[in-house]
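Peer 1: So here's data.cif (mmCIF, C-alpha atoms).
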data_structure
#
loop_
_atom_site.label_atom_id
_atom_site.label_comp_id
_atom_site.auth_asym_id
_atom_site.auth_seq_id
_atom_site.Cartn_x
_atom_site.Cartn_y
_atom_site.Cartn_z
CA MET K 1 3.72 34.29 -41.45
CA VAL K 2 6.69 32.11 -42.23
CA HIS K 3 6.97 28.76 -40.44
CA HIS K 4 10.12 28.03 -38.45
CA GLU K 5 10.77 24.92 -40.53
CA ASP K 6 10.23 26.65 -43.85
CA ILE K 7 13.26 25.54 -45.82
CA GLU K 8 12.99 28.23 -48.52
CA SER K 9 13.21 31.00 -45.96
CA HIS K 10 15.96 29.17 -44.14
CA VAL K 11 18.05 28.98 -47.32
CA ARG K 12 17.42 32.65 -48.05
CA SER K 13 18.56 33.50 -44.54
CA VAL K 14 21.84 31.60 -45.03
CA GLU K 15 22.35 33.41 -48.35
CA GLU K 16 21.89 36.74 -46.59
CA ASP K 17 24.37 35.81 -43.89
CA VAL K 18 26.99 34.75 -46.42
CA GLU K 19 26.54 37.99 -48.36
CA TYR K 20 26.59 40.08 -45.20
CA TRP K 21 29.91 38.63 -44.07
CA ARG K 22 31.41 38.92 -47.50
CA THR K 23 30.24 42.44 -48.38
CA LYS K 24 30.35 44.08 -44.98
CA ARG K 25 33.18 42.37 -43.20
CA LEU K 26 35.58 40.54 -45.50
CA GLU K 27 35.90 42.34 -48.79
CA PRO K 28 35.90 45.91 -47.41
CA ARG K 29 38.83 44.97 -45.24
CA VAL K 30 40.66 43.45 -48.16
CA PHE K 31 40.04 46.64 -50.17
CA ARG K 32 41.42 48.73 -47.36
CA LEU K 33 44.58 46.64 -47.19
CA LEU K 34 44.97 46.99 -50.95
CA ARG K 35 44.37 50.74 -50.85
CA LYS K 36 46.97 51.19 -48.13
CA GLY K 37 49.44 49.04 -49.99
CA GLN K 38 49.67 46.62 -47.10
CA ILE K 39 48.86 43.79 -49.48
CA THR K 40 48.85 43.74 -53.26
CA PHE K 41 46.68 42.03 -55.85
CA TYR K 42 49.71 39.95 -56.73
CA ASP K 43 49.93 38.75 -53.10
CA ILE K 44 46.35 37.51 -53.38
CA MET K 45 47.00 35.73 -56.66
CA GLN K 46 50.09 34.09 -55.22
CA ALA K 47 48.32 33.01 -52.06
CA SER K 48 45.32 31.57 -53.86
CA GLY K 49 47.21 28.56 -55.19
CA LYS K 50 48.02 27.39 -51.69
CA ALA K 51 44.52 28.22 -50.50
CA CYS K 52 43.05 25.96 -53.21
CA SER K 53 44.98 23.04 -51.83
CA GLU K 54 43.83 23.81 -48.29
CA ILE K 55 40.13 24.33 -48.83
CA GLU K 56 37.84 21.60 -50.13
CA PRO K 57 34.74 22.52 -52.17
CA LEU K 58 31.53 21.93 -50.21
CA GLU K 59 30.31 18.43 -50.88
CA GLY K 60 26.62 18.93 -51.48
CA LYS K 61 25.81 15.53 -50.02
CA GLY K 62 22.57 14.52 -48.39
CA ASN K 63 19.11 16.04 -48.51
CA ILE K 64 18.43 19.76 -48.51
CA GLU K 65 18.19 20.06 -44.73
CA GLU K 66 21.51 18.27 -44.27
CA ARG K 67 23.18 20.47 -46.89
CA VAL K 68 21.84 23.60 -45.22
CA THR K 69 23.17 22.39 -41.86
CA ALA K 70 26.56 21.79 -43.49
CA LEU K 71 26.44 25.26 -45.04
CA GLU K 72 25.78 26.78 -41.63
CA LEU K 73 28.77 24.95 -40.20
CA GLU K 74 31.01 26.23 -42.99
CA LEU K 75 29.55 29.68 -42.54
CA GLY K 76 30.62 29.47 -38.91
CA LYS K 77 34.18 28.67 -40.03
CA PHE K 78 34.04 31.52 -42.54
CA ILE K 79 33.02 33.94 -39.83
CA ARG K 80 35.69 32.64 -37.51
CA SER K 81 38.37 33.11 -40.21
CA ILE K 82 37.26 36.67 -40.83
CA GLU K 83 37.37 37.42 -37.12
CA VAL K 84 40.87 35.98 -36.81
CA ALA K 85 42.08 37.96 -39.85
CA THR K 86 40.53 41.10 -38.41
CA SER K 87 42.14 40.68 -35.03
CA VAL K 88 45.54 40.12 -36.63
CA ILE K 89 45.19 43.22 -38.79
CA GLY K 90 43.93 45.26 -35.86
CA SER K 91 40.18 45.62 -35.52
CA ARG K 92 39.93 48.85 -33.57
CA VAL K 93 41.33 50.86 -36.41
CA LEU K 94 39.09 49.26 -38.95
CA VAL K 95 35.50 49.34 -37.72
CA GLU K 96 34.65 52.81 -38.96
CA GLU K 97 36.82 52.56 -42.06
CA SER K 98 35.30 49.19 -42.95
CA ARG K 99 31.93 50.83 -42.81
CA GLN K 100 33.16 53.48 -45.22
CA GLU K 101 34.71 50.85 -47.48
CA ALA K 102 31.53 48.78 -47.32
CA GLY K 103 29.50 51.66 -48.66
CA VAL K 104 27.51 52.12 -45.47
CA TYR K 105 27.81 55.90 -45.89
CA ASP K 106 28.11 56.03 -49.66
CA GLU K 107 25.78 54.22 -52.02
CA LYS K 108 28.40 54.26 -54.77
CA LEU K 109 30.69 52.02 -52.76
CA LYS K 110 28.09 49.40 -51.91
CA LEU K 111 29.00 45.92 -53.02
CA VAL K 112 26.43 44.15 -55.15
CA HIS K 113 24.97 41.00 -53.63
CA ARG K 114 25.25 37.87 -55.73
CA GLU K 115 22.03 36.65 -57.26
CA VAL K 116 20.81 33.26 -56.17
CA SER K 117 17.72 32.03 -57.95
CA GLY K 118 16.08 28.92 -59.27
CA LYS K 119 14.65 25.90 -57.53
CA ILE K 120 15.77 25.14 -54.03
CA ASP K 121 18.40 22.53 -54.80
CA GLU K 122 19.89 24.76 -57.51
CA ARG K 123 20.09 27.57 -55.00
CA VAL K 124 21.74 25.39 -52.39
CA THR K 125 24.28 24.20 -54.97
CA HIS K 126 24.95 27.78 -55.97
CA LEU K 127 25.31 28.81 -52.34
CA GLU K 128 27.79 25.97 -51.72
CA ARG K 129 29.89 27.28 -54.61
CA MET K 130 29.70 30.91 -53.44
CA LEU K 131 30.74 30.08 -49.91
CA TYR K 132 33.59 27.93 -51.19
CA GLU K 133 34.92 30.90 -53.18
CA ASP K 134 34.67 33.15 -50.14
CA LEU K 135 36.46 30.58 -47.99
CA LEU K 136 39.28 30.56 -50.55
CA LEU K 137 39.61 34.32 -50.37
CA VAL K 138 39.80 34.51 -46.60
CA ARG K 139 42.22 31.60 -46.55
CA ALA K 140 44.43 33.43 -49.05
CA VAL K 141 44.35 36.55 -46.90
CA LEU K 142 45.30 34.56 -43.80
CA ASN K 143 48.19 32.97 -45.70
CA ILE K 144 49.39 36.41 -46.75
CA LEU K 145 49.31 37.58 -43.14
CA VAL K 146 51.52 34.62 -42.23
CA GLU K 147 53.88 35.32 -45.15
CA LYS K 148 54.21 38.93 -44.02
CA GLY K 149 55.12 37.82 -40.51
CA LEU K 150 52.05 39.35 -38.87
CA ILE K 151 51.22 36.02 -37.30
CA SER K 152 52.96 32.66 -37.10
CA ARG K 153 51.40 29.66 -38.82
CA GLN K 154 51.26 27.94 -35.45
CA LYS K 155 49.44 30.81 -33.76
CA LEU K 156 47.05 31.06 -36.68
CA ALA K 157 46.16 27.38 -36.40
CA GLU K 158 45.58 27.85 -32.67
CA MET K 159 43.35 30.86 -33.17
CA LEU K 160 41.27 29.06 -35.78
CA GLU K 161 40.88 26.03 -33.55
CA ALA K 162 40.41 28.21 -30.48
CA GLN K 163 37.81 27.34 -27.87
CA SER K 164 34.98 25.70 -29.78
CA PRO K 165 32.26 28.21 -30.51
CA PRO K 166 29.52 28.35 -27.90
CA ARG K 167 26.53 26.14 -28.55
CA PHE K 168 23.10 25.86 -27.08
CA GLU K 169 24.32 22.87 -25.04
CA ASN K 170 25.80 25.41 -22.63
CA GLY K 171 22.29 26.61 -21.98
CA SER K 172 21.05 23.03 -21.51
CA LYS K 173 23.65 22.33 -18.86
CA ILE K 174 22.69 25.45 -16.95
CA VAL K 175 19.00 24.58 -17.13
CA ALA K 176 19.59 21.01 -15.94
CA LYS K 177 21.61 22.30 -13.02
CA ALA K 178 18.90 24.77 -12.11
CA TRP K 179 16.31 21.98 -12.21
CA LEU K 180 18.33 19.88 -9.79
CA ASP K 181 19.63 22.57 -7.44
CA PRO K 182 17.12 25.11 -6.07
CA GLU K 183 19.86 27.17 -4.46
CA PHE K 184 21.71 27.48 -7.77
CA LYS K 185 18.46 28.36 -9.50
CA SER K 186 17.72 31.09 -7.02
CA ARG K 187 21.17 32.62 -7.47
CA LEU K 188 20.87 32.28 -11.23
CA LEU K 189 17.60 34.19 -11.29
CA LYS K 190 18.98 36.93 -9.09
CA ASP K 191 22.40 37.41 -10.71
CA ALA K 192 22.90 35.26 -13.79
CA LYS K 193 26.26 36.60 -14.87
CA GLY K 194 27.79 36.38 -11.39
CA THR K 195 26.49 32.86 -10.85
CA LEU K 196 27.66 31.65 -14.27
CA ARG K 197 31.10 33.14 -13.81
CA GLU K 198 31.56 30.58 -11.02
CA LEU K 199 30.81 27.84 -13.55
CA GLY K 200 33.52 29.15 -15.83
CA PHE K 201 31.40 31.24 -18.20
CA ALA K 202 33.24 34.54 -18.48
CA LEU K 203 30.56 36.26 -20.59
CA ASN K 204 32.86 39.22 -21.14
CA ARG K 205 30.87 40.51 -24.05
CA THR K 206 27.50 40.11 -22.41
CA PRO K 207 26.73 43.30 -20.51
CA LYS K 208 23.95 41.84 -18.37
CA LEU K 209 22.21 38.48 -18.51
CA VAL K 210 18.77 37.79 -17.11
CA VAL K 211 17.33 34.28 -16.90
CA LEU K 212 13.54 34.10 -17.15
CA GLU K 213 11.81 31.30 -15.29
CA ASP K 214 8.78 29.66 -16.88
CA THR K 215 6.02 28.64 -14.45
CA GLU K 216 2.63 26.95 -14.67
CA SER K 217 1.04 30.32 -15.38
CA VAL K 218 3.78 32.22 -17.22
CA ARG K 219 5.73 31.46 -20.39
CA ASN K 220 8.59 33.68 -21.49
CA VAL K 221 9.76 34.35 -25.05
CA ILE K 222 12.75 36.35 -26.23
CA VAL K 223 13.28 38.49 -29.30
CA CYS K 224 15.41 41.40 -30.44
CA THR K 225 13.32 43.54 -32.74
CA LEU K 226 15.96 46.20 -33.33
CA CYS K 227 18.69 43.87 -34.57
CA SER K 228 19.25 40.29 -33.46
CA CYS K 229 20.80 40.42 -30.01
CA TYR K 230 21.01 37.01 -28.50
CA PRO K 231 23.04 35.50 -25.66
CA TYR K 232 25.65 34.39 -28.23
CA GLU K 233 28.37 33.73 -25.70
CA LEU K 234 26.18 31.22 -23.94
CA LEU K 235 24.06 29.72 -26.69
CA GLY K 236 26.05 30.18 -29.89
CA ASN K 237 24.23 31.40 -32.97
CA PRO K 238 20.50 31.98 -33.02
CA PRO K 239 18.33 29.90 -35.37
CA TRP K 240 17.73 31.48 -38.77
CA TRP K 241 14.15 32.49 -38.02
CA TYR K 242 15.15 34.49 -34.94
CA LYS K 243 16.74 37.05 -37.23
CA HIS K 244 13.82 37.08 -39.64
CA ASP K 245 11.52 40.12 -39.84
CA SER K 246 8.56 37.80 -39.84
CA TYR K 247 9.38 36.61 -36.32
CA LYS K 248 10.41 40.00 -34.97
CA GLU K 249 7.31 41.78 -36.16
CA ALA K 250 4.83 39.09 -35.29
CA ILE K 251 6.01 37.95 -31.85
CA VAL K 252 5.58 41.35 -30.20
CA ARG K 253 2.25 42.14 -31.84
CA ASN K 254 0.58 38.74 -31.53
CA PRO K 255 2.65 36.52 -29.29
CA LYS K 256 0.22 33.63 -28.90
CA ARG K 257 -0.81 33.59 -32.54
CA THR K 258 2.84 33.64 -33.62
CA LEU K 259 3.73 30.76 -31.32
CA ASP K 260 0.85 28.82 -32.81
CA GLU K 261 1.41 29.61 -36.49
CA MET K 262 5.18 29.73 -36.63
CA PHE K 263 5.99 27.08 -34.05
CA ASP K 264 2.88 24.92 -33.71
CA LEU K 265 2.90 25.80 -30.02
CA ARG K 266 -0.54 26.26 -28.54
CA VAL K 267 -0.51 28.17 -25.26
CA PRO K 268 -3.62 27.78 -23.06
CA ARG K 269 -5.86 30.79 -22.67
CA ASP K 270 -5.12 31.28 -18.99
CA VAL K 271 -1.35 31.09 -19.32
CA GLU K 272 0.39 34.46 -19.66
CA VAL K 273 2.99 34.93 -22.38
CA ARG K 274 5.67 37.54 -21.72
CA VAL K 275 7.78 38.63 -24.65
CA TYR K 276 11.10 40.20 -23.71
CA ASP K 277 12.53 42.50 -26.38
CA SER K 278 16.26 42.89 -25.71
CA THR K 279 16.51 46.45 -26.95
CA SER K 280 19.55 47.43 -24.97
CA ASP K 281 22.30 45.99 -22.83
CA ILE K 282 20.42 43.04 -21.35
CA ARG K 283 20.46 39.57 -22.90
CA TYR K 284 17.84 37.02 -21.95
CA MET K 285 17.59 33.26 -21.74
CA VAL K 286 14.53 31.23 -20.80
CA LEU K 287 14.59 28.63 -18.04
CA PRO K 288 11.89 26.23 -19.25
CA ARG K 289 9.86 24.02 -16.93
CA ARG K 290 11.23 20.64 -16.06
CA PRO K 291 9.36 17.90 -17.97
CA ASP K 292 7.40 15.32 -15.96
CA GLY K 293 8.78 11.85 -15.51
CA THR K 294 12.38 13.00 -15.05
CA GLN K 295 12.85 12.31 -11.36
CA GLU K 296 15.99 10.33 -10.52
CA MET K 297 17.70 11.57 -13.67
CA SER K 298 21.24 12.90 -13.66
CA GLU K 299 22.18 16.40 -14.72
CA GLU K 300 23.51 15.04 -18.00
CA GLU K 301 20.30 13.17 -18.79
CA LEU K 302 18.21 16.18 -17.89
CA ALA K 303 20.27 18.41 -20.17
CA SER K 304 19.39 16.21 -23.14
CA PHE K 305 15.73 17.23 -22.81
CA VAL K 306 16.47 20.91 -23.28
CA THR K 307 15.93 22.12 -26.84
CA LYS K 308 17.21 25.33 -28.38
CA GLU K 309 13.59 26.37 -28.95
CA SER K 310 12.78 26.03 -25.25
CA LEU K 311 15.65 28.37 -24.34
CA ILE K 312 14.18 31.03 -26.60
CA GLY K 313 10.67 30.23 -25.43
CA VAL K 314 9.12 29.09 -28.70
CA GLY K 315 9.10 25.38 -28.07
CA GLU K 316 8.71 22.76 -25.40
CA THR K 317 11.46 20.73 -23.84
CA ALA K 318 11.52 17.13 -25.02
CA LYS K 319 9.50 14.60 -23.02
CA PRO K 320 10.74 11.27 -21.63
CA GLU K 321 8.12 9.05 -23.29
CA VAL K 322 8.88 10.39 -26.74
CA ALA K 323 12.13 9.79 -28.67
CA ARG K 324 14.30 12.84 -28.11
CA PRO K 325 14.97 14.87 -31.23
CA ARG K 326 18.63 15.64 -30.89
CA ARG K 327 19.13 18.73 -32.99
CA THR K 328 22.53 19.89 -34.00
CA CYS K 329 23.26 23.60 -34.02
CA MET N 4 9.65 50.07 -9.58
CA ASN N 5 5.98 49.96 -10.52
CA GLN N 6 6.06 53.51 -11.81
CA ARG N 7 3.87 54.20 -14.80
CA VAL N 8 5.82 55.75 -17.64
CA ARG N 9 5.23 56.95 -21.16
CA VAL N 10 7.75 56.37 -23.92
CA ARG N 11 8.73 59.55 -25.73
CA VAL N 12 8.09 59.80 -29.43
CA GLU N 13 10.93 62.20 -30.18
CA ASN N 14 14.47 60.87 -29.84
CA PRO N 15 16.05 62.46 -26.77
CA GLY N 16 19.46 60.91 -27.43
CA PRO N 17 22.05 59.55 -26.83
CA ASN N 18 20.57 56.11 -27.47
CA GLU N 19 18.88 56.50 -30.83
CA ARG N 20 17.23 53.16 -31.02
CA VAL N 21 13.87 52.36 -29.59
CA PRO N 22 11.29 50.12 -31.28
CA GLU N 23 8.59 52.02 -33.14
CA TYR N 24 5.80 49.89 -31.75
CA ILE N 25 6.15 51.28 -28.20
CA LYS N 26 6.72 54.94 -28.97
CA GLY N 27 4.09 57.04 -27.25
CA ARG N 28 2.77 54.11 -25.24
CA VAL N 29 2.36 53.90 -21.50
CA GLY N 30 3.88 51.02 -19.56
CA LEU N 31 4.87 49.92 -16.09
CA VAL N 32 8.43 49.74 -14.78
CA VAL N 33 9.12 46.16 -13.74
CA GLY N 34 12.89 46.21 -13.65
CA VAL N 35 15.46 48.73 -12.48
CA HIS N 36 18.97 48.01 -13.72
CA GLY N 37 20.83 51.26 -13.17
CA GLU N 38 23.73 52.07 -15.41
CA VAL N 39 24.73 48.78 -17.04
CA ALA N 40 28.50 48.39 -17.41
CA ASN N 41 29.51 49.68 -20.80
CA TYR N 42 29.48 47.34 -23.70
CA GLU N 43 32.34 48.77 -25.64
CA HIS N 44 31.33 47.24 -28.94
CA ASP N 45 27.97 48.90 -28.94
CA HIS N 46 28.15 52.25 -27.30
CA ALA N 47 31.08 54.08 -25.80
CA ASP N 48 29.05 56.69 -23.92
CA PRO N 49 26.71 55.90 -21.05
CA TRP N 50 23.06 55.93 -22.03
CA GLY N 51 21.49 56.58 -18.63
CA PRO N 52 19.86 54.20 -16.17
CA LEU N 53 18.13 51.25 -17.77
CA TYR N 54 14.61 50.07 -16.97
CA SER N 55 12.51 47.13 -18.06
CA VAL N 56 9.06 48.41 -18.92
CA LEU N 57 6.00 46.20 -19.28
CA PHE N 58 3.34 46.91 -21.91
CA GLU N 59 -0.02 45.30 -22.44
CA GLY N 60 -0.06 43.00 -25.44
CA ALA N 61 -2.66 41.75 -27.87
CA SER N 62 -4.76 40.22 -25.07
CA PRO N 63 -4.88 40.33 -21.27
CA THR N 64 -2.62 37.28 -21.10
CA GLU N 65 0.01 38.65 -23.47
CA LYS N 66 2.61 41.17 -22.37
CA VAL N 67 5.71 42.72 -23.90
CA ILE N 68 8.67 43.88 -21.83
CA VAL N 69 11.07 46.35 -23.41
CA ASP N 70 14.34 47.66 -21.98
CA LEU N 71 14.51 51.44 -22.12
CA HIS N 72 16.92 54.10 -20.91
CA GLU N 73 15.72 56.91 -18.68
CA PRO N 74 15.96 59.74 -21.26
CA TRP N 75 13.26 57.96 -23.26
CA LEU N 76 10.79 57.83 -20.37
CA GLU N 77 8.56 60.43 -18.80
CA SER N 78 6.51 59.70 -15.70
CA VAL N 79 2.78 59.46 -15.81
CA SER N 80 0.57 59.77 -12.74
#
As a first step, turn the structure in this file into structure tokens.
Peer 2:
Amino acid sequence: MVHHEDIESHVRSVEEDVEYWRTKRLEPRVFRLLRKGQITFYDIMQASGKACSEIEPLEGKGNIEERVTALELELGKFIRSIEVATSVIGSRVLVEESRQEAGVYDEKLKLVHREVSGKIDERVTHLERMLYEDLLLVRAVLNILVEKGLISRQKLAEMLEAQSPPRFENGSKIVAKAWLDPEFKSRLLKDAKGTLRELGFALNRTPKLVVLEDTESVRNVIVCTLCSCYPYELLGNPPWWYKHDSYKEAIVRNPKRTLDEMFDLRVPRDVEVRVYDSTSDIRYMVLPRRPDGTQEMSEEELASFVTKESLIGVGETAKPEVARPRRTC
Amino acid sequence: MNQRVRVRVENPGPNERVPEYIKGRVGLVVGVHGEVANYEHDHADPWGPLYSVLFEGASPTEKVIVDLHEPWLESVS
């Protein structure tokens, strides 16, 4: 069973994400545009010069963990750029055709994934280079769309900057509020989406949200074994291990053993663990128990004790006596 | 609520996806959600009323809850 802090697996997961977005979402769309004559190879060559001056190579500074965090941030920007390009081109038309272009229905059209091998720091260096090249391509495509008048440079800048992507801090704020306000908590547990709409969370792409309350005798854990559904709109991107087969397979078959081996979380014998597998239209979030020693604290202070792991159910909230590990997404 | 149900092994459609590990197993309905408003990115057609079904896990204090649409469930006495 892989450990949630296993850096090798984490790097491999980032590699897979980069390749997924390149081979399933970006390049098939570019091919389609080329096939339809809506852009030409020459357009891409022309646009690449400007793109080179706009995109900096990834720095590769710091230790491996820091570089992987930086890669994930850039990956987020890469994904955002692809989504903006897609919406400008017109996504409804393209979903099925992208799948065809991506070789989903035809082995012959499948794009080969780039090989990343060697020791871990070589692989991270290689990954930094690969992602940089992909960022150049999407930047070139966006520049072409501006040149062709499909979007103004101003509007493009706005869309790329657009509301900062959701992060798990949204979840922390909601948890802190629920800890302080029993009435809010009760409404949250009964109708999460309705209650959160009042706080300004539209959650338009979340069909139904259910918040699971941890108690002295029950701990909740979430997973999506069929794909990787997650309350993205509320919590941002899931941690790399959430999408890993190792987690998906183990957590439903041996919940307590998985929590122990993957997350160093030992659940007492008499405490019940409930694993929620979001196999359909419902998304889940855990409401962890409020740590002791937090009376008199403000909502903001309370929120700082909520960890991403506690919202998924695989880790504890931070405790007041111990220095709080402030993890970045 | 609290109805015992068995998960079908054969795909009844329209929702094709159900985890292998619960096919053929018997569980308890613990959540009734009705027809959840369509999520246009995932499925255009309605999939039938949705239920949360609880299954026994590896030990008496481990449970797994899976969300399943009605066509996949048959009642058990």
Peer 1: Check every residue of chain N for an atom within 8 Å of chain K, counting all atoms listed in the file, and provide those that qualify as a list in words.
Peer 2: Arg20, Val21, Pro22, Val39, Ala40, Asn41, Tyr42, Gly60, Ala61, Thr64, Glu65, Lys66, Val67, Ile68, Val69, Asp70 and Leu71 of chain N
Peer 1: Given only C-alpha atoms as the basis, pick out the residue of N:Val10, N:Met4, N:Leu53, N:Val79 nearest to Arg28 (chain N).
Peer 2: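 Closest to Arg28 (chain N) of all the choices is N:Val10.
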Peer 1: Determine the residue membership of the PyMOL selection byres ((chain K and resi 64) around 10) for the file above and supply it as a list in words.
Peer 2: Ile7, Val11, Gly60, Lys61, Gly62, Asn63, Glu65, Glu66, Arg67, Val68, Thr69, Ala70, Ile120, Asp121, Val124 and Thr125 of chain K
Peer 1: Which residues fall under the PyMOL selection byres ((chain N and resi 73) around 7) in this file, as a list of chain:residue names?
Peer 2: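 Matching residues under the PyMOL selection byres ((chain N and resi 73) around 7) are N:Gly51, N:Pro52, N:Leu53, N:Leu71, N:His72, N:Pro74, N:Trp75, N:Leu76.
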Peer 1: Find the residue from K:Glu233, K:Glu158, K:Glu299, K:Glu97 that sits nearest to Ala178 (chain K); use only C-alpha atoms when measuring.
Peer 2: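 Closest to Ala178 (chain K) of all the choices is K:Glu299.
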Peer 1: What separation in Å, quoted to one decimal, exists between CA of Asp245 (chain K) and CA of His3 (chain K)?
Peer 2: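 Separation of CA of Asp245 (chain K) and CA of His3 (chain K): 12.3 Å.
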Peer 1: Can you list, as a list in words, every protein, DNA or RNA residue that comes within 10 Å of Ile44 (chain K) when you count all atoms listed in the file, leaving out same-chain residues fewer than 4 positions away?
Peer 2: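 The neighbour list is Val30, Leu34, Ile39, Thr40, Ser48, Gly49, Ala51, Leu137, Val138, Arg139, Ala140, Val141, Asn143 and Ile144 of chain K.
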